[in-house]
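So the structure is just underneath, and the comments pick up after that.
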Amino acid sequence: MIDLLEPFWNLLFPPHCPLCHAYVSRRGEWCEVCLPLACMPHRIPLSSSMREAVDPVWALGLYRDRLRPLIYRLKYRKQKAVLPYLTTLLRQAMQHEEIRRLVRTAEVAVPVPLHAGRERLRGFNQSELIFGSWLQENGLPVERLLLRCRATVPMYRLTAAQRRVNLSGAFSVTPGAGVYGRRILLLDDIMTTGATLSACAETLKRAGAAEVSAIVLASDHH
């Protein structure tokens, strides 16, 4: 039914590029100029202490002035209509050799968890929502192997030291989860200081994970 009605909806509400708003042929598509600007896979440089927990970490694009509006609409306005655009970007990123290697060498992908109260308010875990269908297309299961066992304060105004304190003891392995000896790919929407990824990776390593790498949708570290 949706496919049959798509030409009708496209006539009433023409699909457009999510960045420049130029008209495109189908919903979820980007214009030829904006997709290469938005999809810029890059390996994030890490401190030596962070590399002990998680390595490598790759971002699929830049945050500020590129993917920030889409992430904001999904997380804070609950506009799931942005997901087809993000899926298109992820498929484009899969053409990068290192992104293919990360996905194909991992045994399981694990989204960074939200506290249960926050997930109830939002209605979803954005990392799971962003990456889930794309990883399913590529044969990598997504499992909730981590729990956020206590609420933390928003970190965008905290210093790096304050973030570490804020996240201390915030994560635990899901009871009965199979972590030992597995190669795990962590998923998150944004990386700023890396404190959240580090805390999650350290929790998985303590539970016996063999390797922990990570993909984030966006980061301005490059």
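Just so we're on the same page: first chain in the structure tokens is A, next is B, and so on; residues restart at 1 for each chain, and ligands are numbered from 1 in the order they show up.
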Open item on the list: Using only C-alpha atoms, which protein or nucleic acid residues come within 8 Å of Pro56 of chain A? Drop anything in the same chain fewer than 3 positions from it, and give the result as number ranges by chain.
Closed with: A: 43-44, 51, 213-214
Identify, with DSSP run on backbone atoms, the residues in segment 71-212 of chain A assigned to strand (DSSP E or B), and express the list as a short mmCIF file (atom, residue, chain, number, x, y, z; two decimals) with N, CA, C and O atoms, in the first residue's frame.
```cif
data_model
loop_
_atom_site.label_atom_id
_atom_site.label_comp_id
_atom_site.auth_asym_id
_atom_site.auth_seq_id
_atom_site.Cartn_x
_atom_site.Cartn_y
_atom_site.Cartn_z
N VAL A 108 29.22 -9.45 16.85
CA VAL A 108 27.96 -8.89 17.34
C VAL A 108 28.14 -7.39 17.49
O VAL A 108 29.23 -6.90 17.79
N ALA A 109 27.06 -6.65 17.26
CA ALA A 109 27.06 -5.19 17.47
C ALA A 109 26.23 -4.89 18.71
O ALA A 109 25.19 -5.51 18.95
N VAL A 110 26.70 -3.90 19.47
CA VAL A 110 26.06 -3.56 20.76
C VAL A 110 25.81 -2.05 20.81
O VAL A 110 26.78 -1.26 20.81
N PRO A 111 24.57 -1.62 20.84
CA PRO A 111 24.31 -0.18 20.96
C PRO A 111 24.63 0.32 22.36
O PRO A 111 24.40 -0.39 23.35
N HIS A 115 19.56 4.84 29.83
CA HIS A 115 18.90 4.44 31.06
C HIS A 115 17.44 4.14 30.75
O HIS A 115 16.83 4.77 29.86
N VAL A 142 22.49 -7.45 16.17
CA VAL A 142 22.57 -6.39 17.16
C VAL A 142 21.94 -6.92 18.45
O VAL A 142 20.80 -7.37 18.45
N LEU A 146 24.63 -4.66 27.01
CA LEU A 146 24.95 -3.70 28.06
C LEU A 146 23.68 -3.07 28.62
O LEU A 146 22.71 -2.86 27.89
N LEU A 147 23.73 -2.75 29.91
CA LEU A 147 22.69 -1.99 30.58
C LEU A 147 23.27 -0.70 31.12
O LEU A 147 24.43 -0.67 31.56
N ARG A 148 22.48 0.36 31.10
CA ARG A 148 22.84 1.58 31.81
C ARG A 148 22.15 1.48 33.16
O ARG A 148 20.93 1.68 33.26
N PHE A 171 27.51 1.54 33.74
CA PHE A 171 27.18 0.45 32.82
C PHE A 171 27.46 -0.90 33.44
O PHE A 171 28.39 -1.06 34.24
N SER A 172 26.68 -1.88 33.05
CA SER A 172 26.93 -3.26 33.46
C SER A 172 26.53 -4.17 32.30
O SER A 172 25.80 -3.77 31.39
N VAL A 173 27.06 -5.38 32.34
CA VAL A 173 26.70 -6.37 31.32
C VAL A 173 25.32 -6.92 31.64
O VAL A 173 24.98 -7.19 32.79
N ARG A 183 34.10 -10.78 19.56
CA ARG A 183 34.56 -9.54 18.92
C ARG A 183 33.34 -8.63 18.79
O ARG A 183 32.40 -8.94 18.04
N ILE A 184 33.36 -7.51 19.49
CA ILE A 184 32.17 -6.68 19.64
C ILE A 184 32.36 -5.32 18.96
O ILE A 184 33.42 -4.69 19.08
N LEU A 185 31.33 -4.90 18.24
CA LEU A 185 31.29 -3.59 17.60
C LEU A 185 30.31 -2.71 18.36
O LEU A 185 29.10 -2.97 18.34
N LEU A 186 30.81 -1.69 19.04
CA LEU A 186 29.95 -0.74 19.75
C LEU A 186 29.34 0.25 18.77
O LEU A 186 29.99 0.64 17.79
N LEU A 187 28.13 0.70 19.06
CA LEU A 187 27.42 1.65 18.20
C LEU A 187 26.97 2.85 19.01
O LEU A 187 26.40 2.70 20.09
N ASP A 188 27.21 4.05 18.49
CA ASP A 188 26.68 5.25 19.13
C ASP A 188 26.39 6.30 18.05
O ASP A 188 26.92 6.22 16.94
N ASP A 189 25.56 7.26 18.40
CA ASP A 189 25.21 8.28 17.41
C ASP A 189 26.30 9.34 17.28
O ASP A 189 26.61 9.77 16.17
N ILE A 190 26.90 9.77 18.40
CA ILE A 190 27.87 10.85 18.39
C ILE A 190 29.03 10.48 19.31
O ILE A 190 28.82 9.88 20.36
N GLU A 211 37.69 -8.46 21.70
CA GLU A 211 38.02 -7.19 21.04
C GLU A 211 36.80 -6.30 21.10
O GLU A 211 35.66 -6.77 21.01
N VAL A 212 37.04 -5.00 21.20
CA VAL A 212 35.96 -4.02 21.13
C VAL A 212 36.39 -2.90 20.18
O VAL A 212 37.41 -2.25 20.40
#
```
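Our summary of the geometry notes that atom CA of Ser198 of chain A is positioned 13.0 Å from atom CA of Ala161 of chain A.
For the residues A:His42, A:His21, A:Arg118, A:Arg182, ranking by smallest atom-to-atom distance to Thr152 of chain A using only C-alpha atoms places A:Arg118 first.
Interatomic distance, atom CA of Asn166 of chain A to atom CA of Ala199 of chain A: 10.4 Å.
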Given only C-alpha atoms, how would the per-residue table for segment 100-164 of chain A near segment 82-96 of chain A read, listing every residue at most 9 Å away with its closest atom pair and distance in Å to one decimal, sorted by chain and number, as a tab-separated table?
```
residue	atom	partner	partner_atom	distance
A:Arg100	CA	A:Met94	CA	5.5
A:Arg101	CA	A:His96	CA	8.8
A:Val103	CA	A:Met94	CA	8.7
A:Leu129	CA	A:Leu83	CA	8.1
A:Ile130	CA	A:Leu83	CA	6.6
A:Phe131	CA	A:Thr87	CA	7.8
A:Ser133	CA	A:Thr87	CA	8.0
A:Trp134	CA	A:Thr87	CA	6.5
```
Those residues with N, CA, C and O atoms, as a PDB file, in the first residue's frame please?
```pdb
ATOM      1  N   ARG A 100      33.651  -1.793   5.886  1.00  0.00           N
ATOM      2  CA  ARG A 100      33.303  -3.182   5.582  1.00  0.00           C
ATOM      3  C   ARG A 100      34.058  -4.141   6.481  1.00  0.00           C
ATOM      4  O   ARG A 100      33.494  -5.123   6.979  1.00  0.00           O
ATOM      5  N   ARG A 101      35.332  -3.867   6.702  1.00  0.00           N
ATOM      6  CA  ARG A 101      36.141  -4.765   7.537  1.00  0.00           C
ATOM      7  C   ARG A 101      35.619  -4.786   8.970  1.00  0.00           C
ATOM      8  O   ARG A 101      35.509  -5.860   9.587  1.00  0.00           O
ATOM      9  N   VAL A 103      32.601  -4.213  10.090  1.00  0.00           N
ATOM     10  CA  VAL A 103      31.316  -4.913  10.169  1.00  0.00           C
ATOM     11  C   VAL A 103      31.501  -6.408   9.973  1.00  0.00           C
ATOM     12  O   VAL A 103      30.878  -7.221  10.682  1.00  0.00           O
ATOM     13  N   LEU A 129      18.265   2.217  16.598  1.00  0.00           N
ATOM     14  CA  LEU A 129      17.365   2.566  15.506  1.00  0.00           C
ATOM     15  C   LEU A 129      18.148   2.969  14.254  1.00  0.00           C
ATOM     16  O   LEU A 129      17.793   2.591  13.131  1.00  0.00           O
ATOM     17  N   ILE A 130      19.214   3.732  14.436  1.00  0.00           N
ATOM     18  CA  ILE A 130      20.011   4.212  13.302  1.00  0.00           C
ATOM     19  C   ILE A 130      20.694   3.059  12.575  1.00  0.00           C
ATOM     20  O   ILE A 130      20.666   2.963  11.345  1.00  0.00           O
ATOM     21  N   PHE A 131      21.337   2.164  13.339  1.00  0.00           N
ATOM     22  CA  PHE A 131      22.201   1.152  12.730  1.00  0.00           C
ATOM     23  C   PHE A 131      21.536  -0.202  12.518  1.00  0.00           C
ATOM     24  O   PHE A 131      22.053  -1.024  11.753  1.00  0.00           O
ATOM     25  N   SER A 133      18.786  -1.783  11.059  1.00  0.00           N
ATOM     26  CA  SER A 133      18.388  -2.392   9.784  1.00  0.00           C
ATOM     27  C   SER A 133      19.578  -2.521   8.842  1.00  0.00           C
ATOM     28  O   SER A 133      19.693  -3.502   8.092  1.00  0.00           O
ATOM     29  N   TRP A 134      20.486  -1.554   8.877  1.00  0.00           N
ATOM     30  CA  TRP A 134      21.681  -1.600   8.029  1.00  0.00           C
ATOM     31  C   TRP A 134      22.563  -2.788   8.392  1.00  0.00           C
ATOM     32  O   TRP A 134      23.037  -3.527   7.514  1.00  0.00           O
TER      33      TRP A 134
END
```
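Taking only C-alpha atoms, the non-local environment of segment 29-41 of chain A within 7 Å (same-chain residues fewer than 4 positions away omitted) comprises Cys17, Pro18, Leu19, Ala22, Val24, Trp58, Ala59, Leu60, Gly61, Leu62, Arg66, Leu67, Tyr85, Thr88, Leu89 and Ala93 of chain A.
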Contacts of Pro14 of chain A within 9 Å, only C-alpha atoms, excl. fewer than 6 positions in-chain, as a compact mmCIF listing (two decimals) with N, CA, C and O atoms, in the first residue's frame:
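Resulting contents of out01.txt:
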```
# COMPACT_ATOMS: atom_id res chain seq x y z
N TYR A 23 15.32 19.16 -4.66
CA TYR A 23 14.41 18.05 -4.95
C TYR A 23 15.20 16.82 -5.41
O TYR A 23 16.17 16.93 -6.18
N VAL A 24 14.78 15.65 -4.93
CA VAL A 24 15.38 14.38 -5.34
C VAL A 24 14.25 13.46 -5.79
O VAL A 24 13.06 13.77 -5.62
N SER A 25 14.61 12.32 -6.37
CA SER A 25 13.58 11.47 -6.98
C SER A 25 12.80 10.63 -5.98
O SER A 25 11.63 10.32 -6.20
N ARG A 26 13.45 10.23 -4.87
CA ARG A 26 12.78 9.37 -3.90
C ARG A 26 13.10 9.80 -2.48
O ARG A 26 14.16 10.38 -2.22
N ARG A 27 12.19 9.50 -1.57
CA ARG A 27 12.43 9.78 -0.16
C ARG A 27 13.60 8.93 0.34
O ARG A 27 13.71 7.76 0.01
```
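Neighbours of Ala207 of chain A closer than or equal to 10 Å, with only C-alpha atoms counted and sequence neighbours fewer than 6 positions away skipped, come out as Ser172, Val173, Ala177, Gly178, Val179, Tyr180, Gly181 and Ala201 of chain A.
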TODO: Could you give me, as an MDAnalysis selection string, the residues within 12 Å of Tyr156 of chain A, counting only C-alpha atoms and dropping anything in the same chain fewer than 3 positions from it?
DONE: chainID A and resid 152:153 159:160 162:163 166 190:193 195:196
Open item on the list: Just checking: using only C-alpha atoms, which residue out of A:Cys200, A:Val112, A:Cys20, A:Ala106 ends up closest to Val216 of chain A?
Closed with: A:Val112
Task: Atomic separation - atom CA of Gly28 of chain A relative to atom CA of Leu114 of chain A, Å - done: 26.6 Å
Task: Picked from segment 108-211 of chain A by DSSP as alpha helix (DSSP H), as a VMD selection string - done: chain A and resid 116 to 122 126 to 137 160 to 167 195 to 206
